[in-house]
Amino acid sequence: MIDDVRTNTRETILGGDAAEGSLLAVGASAVTLVATIAVFLFRPAMALPTLGAFAFVTAIGWVTYQAEMARLLTLVATVLTVLTVTFITIFLFASAVPAFVEHGLGLLLIPEQNGEPIWFFWLDALLPSAETYWNPLSGAYSLIPMIWATVVVTVIAGAIAGPLGLFGALFIAEVASDGMRELIKPGVEVLAGIPSIVYGFIGFQVLNGFVQTSFLDDGASFLIAGVVVGIMALPTVVSVGEDALSSVPDSMGDGSIAMGATRWQTMKSISIPAAFSGISAAVILGLGRAIGETMAVAAIMASGTLFADPLYDIFDANATLTSLIATQYGSASESTIDVLFVAGVMLFVIVAGMSVVSQYIEQQMKAKLRGNR
């Protein structure tokens, strides 16, 4: 049993065809890596020399046993990635526990006033009201208005990034010539690298003035934030969607055209269904950016904490969950910090849920395309 475990561990780290002497090189690199992590945790000032030793040993091993060292480095990168995500998740949920214990579901479902739940709080959103949902000084910590603002901004952004991203990806992958594709695709990817604060500043200066003039609105609104965030998410949707469409084998489209189908019928019935998992992933990534966007939304909308009046007024403004964290954490008390961690947990759960839905859609599409076999 022990021998089997040892053999499996050796094959995992070195591979089945490891060269003679590679175990020593890989072991030395692993030992210096462990030493670097230990020194970083307990003596951070000495981390740089041990990191240099790890780089030196790894470089020597790379020259002599490149395949084995590459296998070790990929394994280390995978393990560190999983551990990092795990620790962040544990820290996030653990930091939110005190707020859940103290305030309960009042943070997420029912606001409280003087310690008593307000069961019909939604009527305040439909009728004029001066009710305060978020006021740390008086102990009001309801996240309901911020949740609603996040939903409104995300829906507007998705309505822009989803359809435009899909049609943009179809044009680049199926319609544009090779020369045009080489110009458009890098240009779209460059847009994804523009800092979010720049998008927010441009949106506030350009769109805000347009809305004030055309709709006689007083200031920034959900509409402006949703449009700006949708434009920010658009390059991600277009780029990932185009990659998914380009990965569809040419033989599938050629066979459809040979059967007499038009180009549009081929795209609608062959390309989109075959690449639907990648397209859904593109939309999910774009919406994930829309949900988690902070600086652009904070630059556009005020940090209000009341419901829109009425709820469907897209020309109203209110802080989202992300902008609430960005604007409140600097001067927040310890109890308020715990509540802000709850907002972070909600964002985490929402994005994780979207990923699960994307995986489910992908499995369903694979089963549909595979047929009854």
# chains A, B, ... in the order shown; residues from 1 in each chain; ligands from 1
call {"tool": "select_by_dssp", "arguments": {"residues": "segment 28-276 of chain A", "states": "strand (DSSP E)", "output": "list in words"}}
result
Glu112, Gln113, Glu116, Pro117, Trp134, Asn135, Ala140 and Tyr141 of chain A
call {"tool": "write_last_selection", "arguments": {"atoms": "C-alpha atoms", "output": "PDB file, in the first residue's frame"}}
result
ATOM      1  CA  GLU A 112     -35.432  46.709  11.106  1.00  0.00           C
ATOM      2  CA  GLN A 113     -36.405  49.866  12.943  1.00  0.00           C
ATOM      3  CA  GLU A 116     -38.422  45.487  15.203  1.00  0.00           C
ATOM      4  CA  PRO A 117     -38.772  44.068  11.665  1.00  0.00           C
ATOM      5  CA  TRP A 134     -28.607  52.142   5.963  1.00  0.00           C
ATOM      6  CA  ASN A 135     -27.367  54.306   8.801  1.00  0.00           C
ATOM      7  CA  ALA A 140     -29.638  50.427  10.509  1.00  0.00           C
ATOM      8  CA  TYR A 141     -27.859  47.873   8.316  1.00  0.00           C
TER       9      TYR A 141
END
call {"tool": "closest_residue", "arguments": {"among": "A:Ala281, A:Leu287, A:Ala35, A:Val152", "to": "Asn318 of chain A", "atoms": "only C-alpha atoms"}}
result
A:Val152
call {"tool": "closest_residue", "arguments": {"among": "A:Phe222, A:Gln328, A:Ser214, A:Val297", "to": "Val155 of chain A", "atoms": "only C-alpha atoms"}}
result
A:Phe222
call {"tool": "closest_residue", "arguments": {"among": "A:Arg71, A:Phe40, A:Ile291, A:Leu234", "to": "Leu347 of chain A", "atoms": "only C-alpha atoms"}}
result
A:Ile291
call {"tool": "residues_around", "arguments": {"residues": "Leu166 of chain A", "least_positions_apart": "6", "cutoff": "8 Å", "atoms": "only C-alpha atoms", "output": "list in words"}}
result
Val237, Val238, Gly241 and Ile279 of chain A
call {"tool": "select_by_dssp", "arguments": {"residues": "segment 148-193 of chain A", "states": "alpha helix (DSSP H)", "output": "ChimeraX atom specification"}}
result
/A:148-170,178-191
call {"tool": "closest_residue", "arguments": {"among": "A:Gly226, A:Gly52, A:Pro249, A:Pro235", "to": "Val153 of chain A", "atoms": "only C-alpha atoms"}}
result
A:Gly226
call {"tool": "closest_residue", "arguments": {"among": "A:Ala28, A:Met259, A:Leu72, A:Val339", "to": "Phe56 of chain A", "atoms": "only C-alpha atoms"}}
result
A:Ala28
call {"tool": "closest_residue", "arguments": {"among": "A:Val85, A:Ile284, A:Leu321, A:Met301", "to": "Val356 of chain A", "atoms": "only C-alpha atoms"}}
result
A:Ile284
call {"tool": "atom_distance", "arguments": {"atom1": "atom CA of Ile184 of chain A", "atom2": "atom CA of Val227 of chain A"}}
result
21.6 Å
call {"tool": "residues_around", "arguments": {"residues": "Met69 of chain A", "least_positions_apart": "3", "cutoff": "10 Å", "atoms": "only C-alpha atoms", "output": "MDAnalysis selection string"}}
result
chainID A and resid 13:14 22:23 25:27 29:30 58:66 72:75
call {"tool": "atom_distance", "arguments": {"atom1": "atom CA of Gly158 of chain A", "atom2": "atom CA of Ile314 of chain A"}}
result
14.5 Å
call {"tool": "atom_distance", "arguments": {"atom1": "atom CA of Leu83 of chain A", "atom2": "atom CA of Ile325 of chain A"}}
result
25.1 Å
